[in-house]
Amino acid sequence: MFRGLILAILVISLCACERIAVLATPKKEPIPSCTALAATAENQFWSTLHSGNYQTISEADRLLTAAYLENPNDPKIAAHLGFLHIWKITERAREKPIPPTIVNEIILSKKYFKDAVLLDPSDPRFLGFLGDSQLAEGKIFHDERQEVHGYFTVKRAIRSWPQFNYFTGGYAMSVLPANSKHFQEGLKWQWKTMDLCAHDEVDRAHPSFKPYMKLETRQGWDRACWNSWIAPYNFEGFFLNMGDMLVKNGDWKTGIKIYRNAKLAKNYSAWPYRELLEKRIQDARQNVSEFRKETISTPEHTILFNSGYGCVACHQAG
Ligand code: HEC
């Protein structure tokens with residue numbers, strides 16, 4: 001009894017001791033990079049993403065990792081390493097065959113997004129992607145607590161930048177079974193994104209985005225609704241995914257109306273994934289069962305997230 005008490009006091013004081021020691025230690029502070037290596041790595045990162053060049057991710061990874069080792073306090077480099085690794089696993093359908101070691105990409109992306117959030121807590125895009133990587137890691141390794149953790153990280157990110165993170169959070173949930181609670185919530189979040197971007201409640205039966213095209217902007221939080229240098233076909237990609245989620249939900253008729261919104265973008269005719277969207281308009285009805293399959297098939301018959309083009313559909317410039 002007495003020995004138990006001493007042990008308990010010892011354990012409590014050790015825990016408190018660790019917490020105090022951690023709090024007394026300065027946290028990692030942000031320092032921007034200004035070397036030639038960092039500039040080369042950043043250029044390589046953007047040109048790889050904008051050319052949709054999945055095959056050369058490892059070269060961009062090598063340069064960015066070297067730049068991060070040179071200055072492990074740069075939030076942008078940390079975030080871009082996170083994006084690179086999550087790109088690699090998201091578009092894994094391009095690997096033939098997909099190696100089991102692909103799961104290591106999610107571990108790495110979570111590590112780098114965590115660093116990025118620590119170094120720059122003011123960028124809600126990093127927090128949203130940290131949440132997505134926690135969700136994915138929890139799902140892959142059957143750690144439900146980690147999934148719950150990821151869900152609440154996503155919710156926090158949504159509060160900070162809803163136009164961006166309702167999409168980002170809900171997109172990751174598009175892979176879940178159509179009848180699951182979180183798939184349904186992810187679909188609701190796409191409607192929320194649309195409402196926020198329209199500054200209106202979009203008519204659910206006739207969801208044309210045409211009346212709202214005049215709101216296009218490159219400034220402020222609403223810029224996440226439109227195309228930009230960062231995401232040249234964001235508008236098209238958003239409606240491609242939302243149409244896919246509606247089709248997977250069995251509502252293929254509304255799915256077609258949503259797909260058609262992509263055509264309202266000024267640069268639609270130059271979009272590299274235009275044909276993927278047009279095929280989906282034709283095959284919407286048959287795709288209900290195709291999109292519900294857990295396995296990855298051809299890009300035409302797999303939801304955008306798992307199609308092999310889940311990042312570049314919005315980010316590839318041409
Ligand atoms: C529906 C379109 C869409 C999809 C799909 C998408 N993104 Fe984005 N992405 C965006 C938008 C919009 C932004 C915000 C642009 C801004 O900040 O102005 C963004 C921001 C980014 C940034 C910019 C970070 C920075 O430092 O400025 C990177 C990198 C990125 N996304 C990578 C990815 C990766 C990797 C994937 C796949 C896992 C992905 N995106 C999927 C639309 C998309």
# chains A, B, ... in the order shown; residues from 1 in each chain; ligands from 1
>>> residues_near_ligand(ligand="ligand 1", cutoff="8 Å", atoms="only C-alpha atoms and all ligand atoms", output="PyMOL selection string")
chain A and resi 46+49+76+79-80+83-88+90-91+125-126+164+167-168+171+218+223-231+233-241+305+310-315
>>> residues_around(residues="A:Tyr166", least_positions_apart="3", cutoff="12 Å", atoms="only C-alpha atoms", output="MDAnalysis selection string")
chainID A and resid 124:125 128:129 131:132 151 154:163 169:173 185:197 224:225 238 242
>>> closest_residue(among="A:Ile102, A:Leu276, A:Leu108, A:Leu23", to="A:Ile89", atoms="only C-alpha atoms")
A:Ile102
>>> select_by_dssp(residues="stretch 225-295 of chain A", states="alpha helix (DSSP H)", output="PyMOL selection string")
chain A and resi 234-248+252-261+274-292
>>> residues_around(residues="A:Gln316", least_positions_apart="5", cutoff="7 Å", atoms="only C-alpha atoms", output="list in words")
Leu49, His50, Ser51 and Gly52 of chain A
>>> write_last_selection(atoms="N, CA, C and O atoms", output="PDB file, in the first residue's frame")
ATOM      1  N   LEU A  49       4.883  19.917 -60.021  1.00  0.00           N
ATOM      2  CA  LEU A  49       3.433  19.885 -59.782  1.00  0.00           C
ATOM      3  C   LEU A  49       2.670  20.447 -60.983  1.00  0.00           C
ATOM      4  O   LEU A  49       1.701  19.858 -61.454  1.00  0.00           O
ATOM      5  N   HIS A  50       3.146  21.580 -61.508  1.00  0.00           N
ATOM      6  CA  HIS A  50       2.416  22.222 -62.608  1.00  0.00           C
ATOM      7  C   HIS A  50       2.527  21.459 -63.923  1.00  0.00           C
ATOM      8  O   HIS A  50       1.697  21.641 -64.811  1.00  0.00           O
ATOM      9  N   SER A  51       3.550  20.590 -64.042  1.00  0.00           N
ATOM     10  CA  SER A  51       3.586  19.772 -65.256  1.00  0.00           C
ATOM     11  C   SER A  51       2.944  18.404 -65.001  1.00  0.00           C
ATOM     12  O   SER A  51       2.876  17.570 -65.904  1.00  0.00           O
ATOM     13  N   GLY A  52       2.491  18.168 -63.787  1.00  0.00           N
ATOM     14  CA  GLY A  52       1.812  16.904 -63.466  1.00  0.00           C
ATOM     15  C   GLY A  52       2.761  15.719 -63.554  1.00  0.00           C
ATOM     16  O   GLY A  52       2.336  14.580 -63.783  1.00  0.00           O
TER      17      GLY A  52
END
>>> residues_around(residues="A:Val103", least_positions_apart="4", cutoff="9 Å", atoms="only C-alpha atoms", output="ChimeraX atom specification")
/A:89,99,107,137,140
>>> residues_around(residues="A:Arg280", least_positions_apart="5", cutoff="10 Å", atoms="only C-alpha atoms", output="ChimeraX atom specification")
/A:240,243-244,247,252,255-256,259,275,285-287,300-301
>>> atom_distance(atom1="atom CA of A:Glu29", atom2="atom CA of A:Pro75")
9.3 Å
